[in-house]
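Have a look at upload.csv below; it lists CSV, C-alpha atoms and all ligand atoms.
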chain,number,residue,atom,x,y,z
A,1,MET,CA,-31.8,-37.7,18.4
A,2,GLU,CA,-32.7,-34.1,19.1
A,3,GLU,CA,-30.6,-32.2,21.7
A,4,PRO,CA,-33.6,-31.5,24.0
A,5,VAL,CA,-34.5,-35.3,24.0
A,6,VAL,CA,-30.9,-36.2,24.9
A,7,ARG,CA,-31.1,-33.7,27.8
A,8,LYS,CA,-34.3,-35.4,29.0
A,9,TYR,CA,-32.7,-38.8,28.9
A,10,ILE,CA,-29.8,-37.4,30.9
A,11,ALA,CA,-32.1,-35.7,33.4
A,12,ALA,CA,-34.1,-38.9,33.9
A,13,GLY,CA,-30.8,-40.8,34.4
A,14,GLU,CA,-29.6,-38.4,37.1
A,15,ILE,CA,-32.8,-38.7,39.0
A,16,ALA,CA,-32.7,-42.5,38.7
A,17,GLU,CA,-29.1,-42.5,40.0
A,18,ARG,CA,-30.1,-40.5,43.1
A,19,VAL,CA,-33.2,-42.7,43.8
A,20,LYS,CA,-30.9,-45.8,43.4
A,21,GLU,CA,-28.5,-44.4,46.0
A,22,ARG,CA,-31.5,-43.8,48.4
A,23,ALA,CA,-32.7,-47.4,47.6
A,24,GLU,CA,-29.3,-48.7,48.7
A,25,ARG,CA,-29.6,-47.0,52.1
A,26,GLU,CA,-33.3,-47.9,52.7
A,27,THR,CA,-33.3,-51.6,51.6
A,28,LYS,CA,-32.9,-53.4,54.9
A,29,PRO,CA,-34.3,-56.5,56.6
A,30,GLY,CA,-37.5,-55.8,58.4
A,31,VAL,CA,-38.5,-52.9,56.2
A,32,LYS,CA,-42.0,-53.0,54.8
A,33,LEU,CA,-42.1,-53.5,51.1
A,34,LEU,CA,-44.9,-50.9,50.8
A,35,SER,CA,-43.0,-48.2,52.7
A,36,LEU,CA,-39.8,-48.8,50.8
A,37,ILE,CA,-41.5,-48.5,47.5
A,38,THR,CA,-43.6,-45.5,48.5
A,39,ILE,CA,-40.5,-43.6,49.7
A,40,LEU,CA,-38.7,-44.3,46.4
A,41,GLU,CA,-41.6,-43.4,44.1
A,42,ASN,CA,-42.2,-40.2,46.1
A,43,TYR,CA,-38.6,-39.4,45.8
A,44,ILE,CA,-38.7,-39.7,42.0
A,45,VAL,CA,-41.5,-37.1,41.9
A,46,GLU,CA,-39.7,-34.9,44.5
A,47,LEU,CA,-36.7,-34.8,42.2
A,48,GLY,CA,-38.8,-33.7,39.2
A,49,GLY,CA,-39.3,-37.1,37.5
A,50,ARG,CA,-42.2,-39.5,37.1
A,51,PRO,CA,-42.1,-43.2,37.7
A,52,ALA,CA,-41.8,-45.0,34.3
A,53,PHE,CA,-43.2,-48.1,36.1
A,54,PRO,CA,-43.9,-49.0,39.7
A,55,VAL,CA,-40.7,-49.5,41.7
A,56,ASN,CA,-40.1,-53.3,41.6
A,57,VAL,CA,-38.8,-55.0,44.7
A,58,SER,CA,-38.3,-58.6,44.0
A,59,ILE,CA,-37.1,-60.9,46.7
A,60,ASN,CA,-34.9,-64.1,46.6
A,61,ASN,CA,-36.0,-66.3,43.8
A,62,GLU,CA,-38.3,-63.6,42.4
A,63,ALA,CA,-36.4,-62.1,39.6
A,64,ALA,CA,-38.7,-59.2,38.5
A,65,HIS,CA,-42.2,-57.6,38.4
A,66,ARG,CA,-43.1,-57.6,42.1
A,67,THR,CA,-44.4,-54.3,43.5
A,68,ALA,CA,-46.4,-53.7,46.7
A,69,TYR,CA,-50.1,-54.0,46.7
A,70,ILE,CA,-52.0,-51.0,48.2
A,71,ASP,CA,-52.6,-53.0,51.4
A,72,ASP,CA,-49.3,-55.0,51.3
A,73,GLU,CA,-48.1,-56.1,54.7
A,74,SER,CA,-44.9,-57.9,53.4
A,75,VAL,CA,-41.6,-57.2,55.1
A,76,LEU,CA,-38.1,-57.7,53.7
A,77,PRO,CA,-36.8,-61.0,55.1
A,78,GLU,CA,-33.5,-61.5,57.0
A,79,ASP,CA,-30.9,-63.1,54.8
A,80,GLY,CA,-32.7,-62.0,51.7
A,81,VAL,CA,-31.5,-61.1,48.2
A,82,VAL,CA,-33.4,-58.0,47.2
A,83,LYS,CA,-33.6,-56.5,43.8
A,84,VAL,CA,-34.8,-52.9,43.5
A,85,ASP,CA,-35.6,-51.9,39.9
A,86,ILE,CA,-36.3,-48.2,39.3
A,87,GLY,CA,-37.8,-46.5,36.2
A,88,VAL,CA,-37.8,-42.7,35.9
A,89,HIS,CA,-39.1,-40.7,32.9
A,90,VAL,CA,-38.9,-37.1,32.0
A,91,ASP,CA,-41.5,-36.3,29.3
A,92,GLY,CA,-41.4,-40.0,28.3
A,93,CYS,CA,-37.6,-40.3,28.1
A,94,ILE,CA,-36.8,-43.2,30.4
A,95,ALA,CA,-34.0,-44.3,32.7
A,96,ASP,CA,-34.2,-47.9,33.8
A,97,THR,CA,-31.8,-49.0,36.5
A,98,ALA,CA,-31.6,-51.7,39.1
A,99,ILE,CA,-29.4,-52.9,42.1
A,100,THR,CA,-29.4,-56.0,44.3
A,101,VAL,CA,-28.9,-55.7,48.0
A,102,PRO,CA,-27.8,-58.9,49.8
A,103,PHE,CA,-28.7,-59.2,53.4
A,104,SER,CA,-26.1,-61.9,54.1
A,105,GLU,CA,-22.5,-62.6,53.3
A,106,LYS,CA,-23.5,-65.9,51.8
A,107,HIS,CA,-25.1,-64.1,48.8
A,108,ARG,CA,-22.2,-61.8,48.1
A,109,LYS,CA,-20.6,-63.9,45.4
A,110,LEU,CA,-23.9,-64.1,43.5
A,111,VAL,CA,-24.5,-60.4,43.7
A,112,GLU,CA,-20.9,-59.6,42.6
A,113,ALA,CA,-21.3,-61.9,39.6
A,114,ALA,CA,-24.2,-59.9,38.3
A,115,ARG,CA,-22.5,-56.6,39.1
A,116,GLU,CA,-19.3,-57.7,37.3
A,117,ALA,CA,-21.2,-59.0,34.3
A,118,LEU,CA,-22.9,-55.6,33.9
A,119,GLU,CA,-19.6,-53.7,34.3
A,120,ARG,CA,-17.9,-55.8,31.6
A,121,ALA,CA,-21.0,-55.6,29.3
A,122,LEU,CA,-21.1,-51.9,29.4
A,123,LYS,CA,-17.5,-51.8,28.0
A,124,HIS,CA,-18.8,-53.6,24.9
A,125,VAL,CA,-21.7,-51.4,24.1
A,126,ARG,CA,-20.8,-49.3,21.0
A,127,PRO,CA,-22.6,-48.5,17.7
A,128,GLY,CA,-22.3,-51.4,15.3
A,129,ALA,CA,-21.4,-54.0,17.9
A,130,ARG,CA,-23.7,-57.1,18.0
A,131,VAL,CA,-26.0,-57.2,21.0
A,132,SER,CA,-25.3,-60.9,21.1
A,133,ASP,CA,-21.6,-60.2,21.8
A,134,VAL,CA,-22.7,-58.3,24.9
A,135,GLY,CA,-24.8,-61.3,25.9
A,136,SER,CA,-21.7,-63.4,25.4
A,137,VAL,CA,-19.7,-61.2,27.8
A,138,ILE,CA,-22.5,-61.4,30.4
A,139,GLU,CA,-22.8,-65.1,30.2
A,140,ARG,CA,-19.1,-65.7,30.5
A,141,ALA,CA,-18.7,-63.4,33.5
A,142,ILE,CA,-21.6,-65.1,35.4
A,143,ARG,CA,-20.6,-68.7,34.5
A,144,GLU,CA,-17.0,-68.1,35.5
A,145,ARG,CA,-18.3,-67.4,39.0
A,146,GLY,CA,-20.3,-70.6,39.1
A,147,PHE,CA,-23.8,-69.2,38.5
A,148,ARG,CA,-26.3,-69.3,35.7
A,149,VAL,CA,-27.7,-66.4,33.7
A,150,VAL,CA,-31.5,-66.1,33.5
A,151,LYS,CA,-32.0,-66.8,29.8
A,152,ASN,CA,-35.5,-65.6,29.4
A,153,LEU,CA,-34.9,-62.1,30.8
A,154,SER,CA,-33.0,-59.6,28.7
A,155,GLY,CA,-32.0,-56.0,28.2
A,156,HIS,CA,-33.9,-53.9,25.7
A,157,SER,CA,-34.0,-50.8,23.7
A,158,LEU,CA,-36.1,-47.9,25.0
A,159,ALA,CA,-38.2,-45.3,23.2
A,160,GLU,CA,-40.4,-42.4,24.4
A,161,TYR,CA,-43.0,-43.7,26.8
A,162,THR,CA,-42.0,-47.3,25.8
A,163,ILE,CA,-39.9,-49.5,28.0
A,164,HIS,CA,-39.5,-52.4,25.6
A,165,ALA,CA,-39.0,-50.8,22.3
A,166,GLY,CA,-38.3,-53.8,20.1
A,167,ASP,CA,-34.6,-54.7,20.4
A,168,THR,CA,-33.6,-57.2,23.0
A,169,VAL,CA,-30.1,-57.5,24.5
A,170,PRO,CA,-29.7,-61.1,25.5
A,171,ASN,CA,-27.9,-62.2,28.6
A,172,TYR,CA,-26.2,-65.0,26.7
A,173,ARG,CA,-24.6,-65.6,23.3
A,174,ASP,CA,-27.6,-65.9,21.0
A,175,PRO,CA,-26.3,-66.8,17.5
A,176,LEU,CA,-29.7,-66.1,16.0
A,177,ASN,CA,-29.8,-62.5,17.3
A,178,PHE,CA,-28.2,-60.4,14.5
A,179,ALA,CA,-29.2,-57.0,16.0
A,180,ARG,CA,-26.5,-54.4,16.4
A,181,PHE,CA,-26.4,-51.3,18.7
A,182,ARG,CA,-27.6,-48.2,16.8
A,183,PRO,CA,-26.8,-44.5,17.3
A,184,GLY,CA,-29.6,-42.4,18.5
A,185,THR,CA,-31.0,-45.1,20.7
A,186,ALA,CA,-31.3,-45.8,24.4
A,187,TYR,CA,-30.7,-49.4,25.8
A,188,ALA,CA,-31.1,-51.0,29.2
A,189,ILE,CA,-28.5,-53.6,29.9
A,190,GLU,CA,-29.6,-55.9,32.7
A,191,PRO,CA,-27.8,-59.2,33.5
A,192,PHE,CA,-29.4,-61.6,36.0
A,193,ALA,CA,-27.4,-64.2,37.8
A,194,THR,CA,-29.1,-67.1,39.6
A,195,THR,CA,-28.4,-70.1,41.7
A,196,GLY,CA,-31.5,-71.7,40.2
A,197,ARG,CA,-32.4,-73.1,36.7
A,198,GLY,CA,-31.8,-69.9,34.8
A,199,VAL,CA,-35.3,-69.8,33.6
A,200,VAL,CA,-38.1,-67.7,35.2
A,201,SER,CA,-41.7,-68.5,35.0
A,202,SER,CA,-44.8,-66.5,35.7
A,203,GLU,CA,-46.5,-66.8,39.1
A,204,LYS,CA,-50.2,-66.2,39.7
A,205,ARG,CA,-49.4,-63.0,41.6
A,206,VAL,CA,-49.8,-59.9,39.5
A,207,SER,CA,-49.2,-56.4,40.9
A,208,ILE,CA,-48.3,-54.6,37.7
A,209,TYR,CA,-50.4,-53.9,34.6
A,210,SER,CA,-50.5,-51.5,31.7
A,211,VAL,CA,-53.2,-50.3,29.3
A,212,ARG,CA,-53.1,-52.2,26.0
A,213,PRO,CA,-53.7,-49.8,23.1
A,214,PRO,CA,-55.9,-49.1,21.3
A,215,ILE,CA,-58.7,-48.9,24.0
A,216,ARG,CA,-61.8,-50.8,22.8
A,217,ARG,CA,-65.2,-49.6,23.6
A,218,GLY,CA,-68.5,-51.3,24.4
A,219,GLY,CA,-67.1,-54.6,25.7
A,220,ALA,CA,-66.9,-54.3,29.5
A,221,PRO,CA,-68.6,-52.4,32.3
A,222,GLU,CA,-65.2,-51.5,33.8
A,223,GLU,CA,-64.1,-49.5,30.7
A,224,HIS,CA,-64.2,-46.3,32.6
A,225,ILE,CA,-61.4,-47.7,34.8
A,226,VAL,CA,-59.2,-48.1,31.7
A,227,GLU,CA,-60.0,-44.6,30.5
A,228,ASN,CA,-59.1,-43.2,33.9
A,229,ILE,CA,-55.9,-45.0,34.1
A,230,PHE,CA,-54.9,-44.2,30.5
A,231,GLY,CA,-55.5,-40.5,31.2
A,232,ARG,CA,-53.0,-40.7,34.0
A,233,VAL,CA,-50.2,-43.0,32.8
A,234,ARG,CA,-51.0,-43.7,29.1
A,235,THR,CA,-49.6,-47.1,28.3
A,236,LEU,CA,-46.8,-47.2,31.0
A,237,PRO,CA,-47.0,-49.9,33.6
A,238,PHE,CA,-48.9,-49.0,36.8
A,239,SER,CA,-49.8,-50.3,40.2
A,240,GLU,CA,-53.2,-50.3,42.0
A,241,ARG,CA,-51.5,-48.1,44.6
A,242,TRP,CA,-51.5,-45.2,42.1
A,243,PHE,CA,-55.3,-45.1,42.1
A,244,PRO,CA,-56.3,-44.9,45.7
A,245,GLU,CA,-59.5,-43.1,44.8
A,246,MET,CA,-60.7,-46.0,42.7
A,247,ALA,CA,-59.6,-48.5,45.4
A,248,SER,CA,-61.6,-46.7,48.0
A,249,LEU,CA,-64.6,-46.1,45.8
A,250,LEU,CA,-64.9,-49.8,44.8
A,251,GLY,CA,-63.1,-51.4,47.7
A,252,VAL,CA,-59.6,-52.8,47.3
A,253,GLY,CA,-60.8,-56.4,46.6
A,254,ARG,CA,-63.3,-55.3,43.8
A,255,PHE,CA,-60.8,-52.9,42.3
A,256,ARG,CA,-58.1,-55.6,42.1
A,257,LYS,CA,-60.7,-58.1,40.7
A,258,ALA,CA,-61.7,-55.5,38.0
A,259,LEU,CA,-58.0,-55.1,37.0
A,260,GLU,CA,-57.7,-58.9,36.8
A,261,ASN,CA,-60.9,-59.1,34.7
A,262,LEU,CA,-59.8,-56.3,32.4
A,263,SER,CA,-56.6,-58.1,31.7
A,264,LYS,CA,-58.5,-61.3,30.8
A,265,LEU,CA,-60.6,-59.3,28.4
A,266,GLY,CA,-57.5,-57.8,26.8
A,267,TYR,CA,-57.8,-54.2,27.9
A,268,LEU,CA,-54.8,-54.5,30.1
A,269,VAL,CA,-51.5,-56.2,29.8
A,270,SER,CA,-50.5,-58.1,33.1
A,271,TYR,CA,-47.0,-58.5,34.3
A,272,PRO,CA,-47.0,-61.5,36.6
A,273,VAL,CA,-44.2,-61.9,39.2
A,274,LEU,CA,-41.4,-63.8,37.4
A,275,SER,CA,-39.5,-66.3,39.5
A,276,ASP,CA,-36.8,-68.9,39.3
A,277,VAL,CA,-37.4,-72.2,41.2
A,278,PRO,CA,-38.3,-72.1,44.9
A,279,GLY,CA,-35.2,-71.9,47.2
A,280,SER,CA,-33.0,-70.2,44.5
A,281,TYR,CA,-31.6,-66.7,44.6
A,282,VAL,CA,-31.5,-64.2,41.8
A,283,ALA,CA,-29.3,-61.1,41.5
A,284,GLN,CA,-29.7,-58.3,38.9
A,285,PHE,CA,-28.0,-55.0,38.0
A,286,GLU,CA,-29.1,-52.7,35.3
A,287,GLU,CA,-28.0,-49.4,33.7
A,288,THR,CA,-29.4,-47.4,30.8
A,289,VAL,CA,-27.0,-46.3,28.1
A,290,LEU,CA,-27.6,-43.8,25.4
A,291,ILE,CA,-25.8,-44.0,22.1
A,292,LEU,CA,-25.6,-40.5,20.7
A,293,ASP,CA,-25.8,-39.7,16.9
A,294,ASP,CA,-22.1,-39.2,16.9
A,295,GLY,CA,-21.6,-42.7,18.2
A,296,SER,CA,-20.4,-41.8,21.7
A,297,VAL,CA,-21.9,-43.9,24.5
A,298,ILE,CA,-23.0,-42.5,27.9
A,299,VAL,CA,-24.5,-44.3,30.9
A,300,THR,CA,-27.3,-42.1,32.0
A,301,THR,CA,-28.0,-43.8,35.3
A,302,SER,CA,-24.5,-43.8,36.9
A,303,LYS,CA,-21.6,-41.5,36.6
A,304,SER,CA,-19.2,-44.3,37.6
A,305,ALA,CA,-20.4,-47.0,35.3
A,306,LEU,CA,-18.1,-46.5,32.2
B,401,MN,MN,-35.5,-52.3,35.1
B,402,MN,MN,-35.2,-53.0,32.0

Please rewrite the model in this file as structure tokens.
Amino acid sequence: MEEPVVRKYIAAGEIAERVKERAERETKPGVKLLSLITILENYIVELGGRPAFPVNVSINNEAAHRTAYIDDESVLPEDGVVKVDIGVHVDGCIADTAITVPFSEKHRKLVEAAREALERALKHVRPGARVSDVGSVIERAIRERGFRVVKNLSGHSLAEYTIHAGDTVPNYRDPLNFARFRPGTAYAIEPFATTGRGVVSSEKRVSIYSVRPPIRRGGAPEEHIVENIFGRVRTLPFSERWFPEMASLLGVGRFRKALENLSKLGYLVSYPVLSDVPGSYVAQFEETVLILDDGSVIVTTSKSAL
């Protein structure tokens, strides 16, 4: 990996770390989802980065992929367990990091289980180590504390402008996963602990999409929407909030409907909200690590993580 690229990964990580600190302060009961997310996304830009995906704020049994709609009136609930997942890129080099904020003492053990799992996992990331061994460490840390891991969510390798670059880092011991950590590669490690079943499923709600390449032509009247979005964010995930001019031109309802339709037609990938069973609680922590060509490992999104 070229030195300038390494520098960009580190720069993205430093921005992500500061945004995460801000998220920790701003995530409180009664705060509007839309204002929290807007503050954090604006802060990314203020610090010189770009959002690699819409800031995700997933509540209680929601594990991932919830962001605010443009007209979202939701408020963070009392007693909630709130995950804030932040992606920053600098010229396509991505830092992906997440925290969980519990609003009640009763969720503290769950949150600590996920935090501890990540801490232990990071100590096992080194070139040549099997990714499944890291999964094993995560699973043990979370089970020891009486919770389940979410089996169908996993860490992943990252590439330029690509959040899921091909390798997965399971959150459990997966004997069929023979992948090993490779030098010159960035990985996101992200354990999820849950009081639920340990399996998330897709809800009907979708607030995040991305353009699916290559863009086809001549198939849908809304193709100009796809072109416009691709021009701004390429194939990175986006929110309707990032295109207020289209929302006001078409009306929010019609714009949202168009995105839905474009995903049915295959122009867009949709990322539905992923949730464990109703009434359960999910906690997540995530850091991005970079394995340099010389084999040394750095956590780009937190100075204190290794
Ligand atoms: Mn993430
Ligand atoms: Mn991730």

### Task
Using all atoms listed in the file, pick whichever of A:Tyr69, A:Tyr187, A:Phe230, A:Phe178 has the shortest atom-to-atom distance to Arg130 (chain A).
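Smallest distance to Arg130 (chain A) is found for A:Phe178.
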
Using all atoms listed in the file, find each residue in chain A having at least one atom no more than 12 Å away from ligand MN 402 (chain B); report its shortest atom-to-atom pair and that distance in Å (one decimal), rows by chain then rising number, as a Markdown table.
| residue | atom | partner | partner_atom | distance |
| --- | --- | --- | --- | --- |
| A:Ala52 | CA | B:MN402 | MN | 10.6 |
| A:Phe53 | CA | B:MN402 | MN | 10.2 |
| A:Val55 | CA | B:MN402 | MN | 11.7 |
| A:Asn56 | CA | B:MN402 | MN | 10.8 |
| A:Ala63 | CA | B:MN402 | MN | 11.9 |
| A:Ala64 | CA | B:MN402 | MN | 9.6 |
| A:His65 | CA | B:MN402 | MN | 10.5 |
| A:Val84 | CA | B:MN402 | MN | 11.5 |
| A:Asp85 | CA | B:MN402 | MN | 8.0 |
| A:Ile86 | CA | B:MN402 | MN | 8.8 |
| A:Gly87 | CA | B:MN402 | MN | 8.2 |
| A:Val88 | CA | B:MN402 | MN | 11.3 |
| A:Ile94 | CA | B:MN402 | MN | 10.1 |
| A:Ala95 | CA | B:MN402 | MN | 8.8 |
| A:Asp96 | CA | B:MN402 | MN | 5.5 |
| A:Thr97 | CA | B:MN402 | MN | 6.9 |
| A:Ala98 | CA | B:MN402 | MN | 8.1 |
| A:Ile99 | CA | B:MN402 | MN | 11.6 |
| A:Leu153 | CA | B:MN402 | MN | 9.2 |
| A:Ser154 | CA | B:MN402 | MN | 7.7 |
| A:Gly155 | CA | B:MN402 | MN | 5.8 |
| A:His156 | CA | B:MN402 | MN | 6.5 |
| A:Ser157 | CA | B:MN402 | MN | 8.7 |
| A:Leu158 | CA | B:MN402 | MN | 8.7 |
| A:Thr162 | CA | B:MN402 | MN | 10.8 |
| A:Ile163 | CA | B:MN402 | MN | 7.1 |
| A:His164 | CA | B:MN402 | MN | 7.7 |
| A:Ala165 | CA | B:MN402 | MN | 10.6 |
| A:Asp167 | CA | B:MN402 | MN | 11.7 |
| A:Thr168 | CA | B:MN402 | MN | 10.1 |
| A:Val169 | CA | B:MN402 | MN | 10.1 |
| A:Pro170 | CA | B:MN402 | MN | 11.8 |
| A:Ala186 | CA | B:MN402 | MN | 11.2 |
| A:Tyr187 | CA | B:MN402 | MN | 8.5 |
| A:Ala188 | CA | B:MN402 | MN | 5.4 |
| A:Ile189 | CA | B:MN402 | MN | 7.0 |
| A:Glu190 | CA | B:MN402 | MN | 6.3 |
| A:Pro191 | CA | B:MN402 | MN | 9.8 |
| A:Phe192 | CA | B:MN402 | MN | 11.1 |
| A:Gln284 | CA | B:MN402 | MN | 10.3 |
| A:Phe285 | CA | B:MN402 | MN | 9.6 |
| A:Glu286 | CA | B:MN402 | MN | 6.9 |
| A:Glu287 | CA | B:MN402 | MN | 8.2 |
| A:Thr288 | CA | B:MN402 | MN | 8.2 |
| A:Val289 | CA | B:MN402 | MN | 11.3 |

### Task
Select, from A:Arg66, A:Lys32, A:Arg180, A:Arg22, the residue with the minimum atom-to-atom distance to ligand MN 401 (chain B), counting all atoms listed in the file.
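Once distances to ligand MN 401 (chain B) are computed over all atoms listed in the file, the minimum belongs to A:Arg66.
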
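Across A:Leu250, A:Leu292, A:Ala113, A:Ala305, the tightest approach to Met1 (chain A) is made by A:Leu292 when counting only C-alpha atoms.
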
### Two-atom distance - CA of Ala114 (chain A), CA of Thr100 (chain A) (Å)
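Rounded to one decimal, the two atoms are 8.8 Å apart.
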
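Non-sequential neighbours of Val125 (chain A) (distance at most 9 Å, separation of 4 or more positions within a chain, only C-alpha atoms) are Ala121, Ala129, Arg130, Val131, Val134, Phe181, Val289, Ile291 and Val297 of chain A.
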
### Message
Here is a test: counting only C-alpha atoms and all ligand atoms, which residue of A:Glu26, A:Ser58, A:Gly219, A:Ile39 is nearest to ligand MN 401 (chain B)?
### Response
A:Ser58

### Query
Could you name the residues that touch Leu33 (chain A) at 12 Å or less, counting only C-alpha atoms, but leaving out those on the same chain fewer than 2 positions away, as a PyMOL selection string?
chain A and resi 23+26-31+35-40+55-59+66-77+82-84

#### Entry: Expected residue set, 12 Å radius at (-61.3, -45.0, 21.2), all atoms listed in the file, as a list in words
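Those within range, by chain then number, are Arg212, Pro213, Pro214, Ile215, Arg216, Arg217, Gly218, Glu223, His224, Val226, Glu227, Phe230 and Tyr267 of chain A.
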
Region 247-284 of chain A near region 198-210 of chain A within 7 Å: what's each residue's closest atom pair and its distance in Å to one decimal, counting all atoms listed in the file, ordered by chain then ascending residue number, as a tab-separated table?
residue	atom	partner	partner_atom	distance
A:Leu268	CA	A:Ser210	CA	5.5
A:Val269	CA	A:Ser210	CA	5.2
A:Ser270	CA	A:Tyr209	CA	4.5
A:Tyr271	CA	A:Ile208	CA	5.3
A:Pro272	CA	A:Val206	CA	4.3
A:Val273	CA	A:Glu203	CA	5.4
A:Leu274	CA	A:Ser202	CA	4.7
A:Ser275	CA	A:Val200	CA	4.7
A:Asp276	CA	A:Val200	CA	4.5

Got time to write the residues from that selection, C-alpha atoms, as an mmCIF file, in the coordinates of the input?
data_model
loop_
_atom_site.group_PDB
_atom_site.id
_atom_site.type_symbol
_atom_site.label_atom_id
_atom_site.label_comp_id
_atom_site.auth_asym_id
_atom_site.auth_seq_id
_atom_site.Cartn_x
_atom_site.Cartn_y
_atom_site.Cartn_z
ATOM 1 C CA LEU A 268 -54.800 -54.500 30.100
ATOM 2 C CA VAL A 269 -51.500 -56.200 29.800
ATOM 3 C CA SER A 270 -50.500 -58.100 33.100
ATOM 4 C CA TYR A 271 -47.000 -58.500 34.300
ATOM 5 C CA PRO A 272 -47.000 -61.500 36.600
ATOM 6 C CA VAL A 273 -44.200 -61.900 39.200
ATOM 7 C CA LEU A 274 -41.400 -63.800 37.400
ATOM 8 C CA SER A 275 -39.500 -66.300 39.500
ATOM 9 C CA ASP A 276 -36.800 -68.900 39.300
#

### Query
Given the choices A:Asn228, A:Ser132, A:Asn60, A:Thr195, which gets closest to Arg148 (chain A) if the distance is worked out from all atoms listed in the file?
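Between A:Asn228, A:Ser132, A:Asn60, A:Thr195, the residue approaching Arg148 (chain A) most closely is A:Thr195.
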
Per-residue nearest contacts of region 15-124 of chain A to region 135-141 of chain A (10 Å; all atoms listed in the file) as a Markdown table:
| residue | atom | partner | partner_atom | distance |
| --- | --- | --- | --- | --- |
| A:Ala113 | CA | A:Ala141 | CA | 6.8 |
| A:Ala114 | CA | A:Ala141 | CA | 8.1 |
| A:Arg115 | CA | A:Ala141 | CA | 9.6 |
| A:Glu116 | CA | A:Ala141 | CA | 6.9 |
| A:Ala117 | CA | A:Ile138 | CA | 4.8 |
| A:Leu118 | CA | A:Ile138 | CA | 6.8 |
| A:Glu119 | CA | A:Ile138 | CA | 9.1 |
| A:Arg120 | CA | A:Val137 | CA | 6.8 |
| A:Ala121 | CA | A:Val137 | CA | 5.9 |
| A:Leu122 | CA | A:Val137 | CA | 9.5 |
| A:Lys123 | CA | A:Val137 | CA | 9.7 |
| A:His124 | CA | A:Val137 | CA | 8.2 |

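Considering only C-alpha atoms and all ligand atoms, the residue among A:Ala16, A:Leu259, A:Val6, A:Ile44 positioned nearest to ligand MN 401 (chain B) is A:Ala16.
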
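Coordinates place CA of Val211 (chain A) at a distance of 26.7 Å from CA of Leu290 (chain A).
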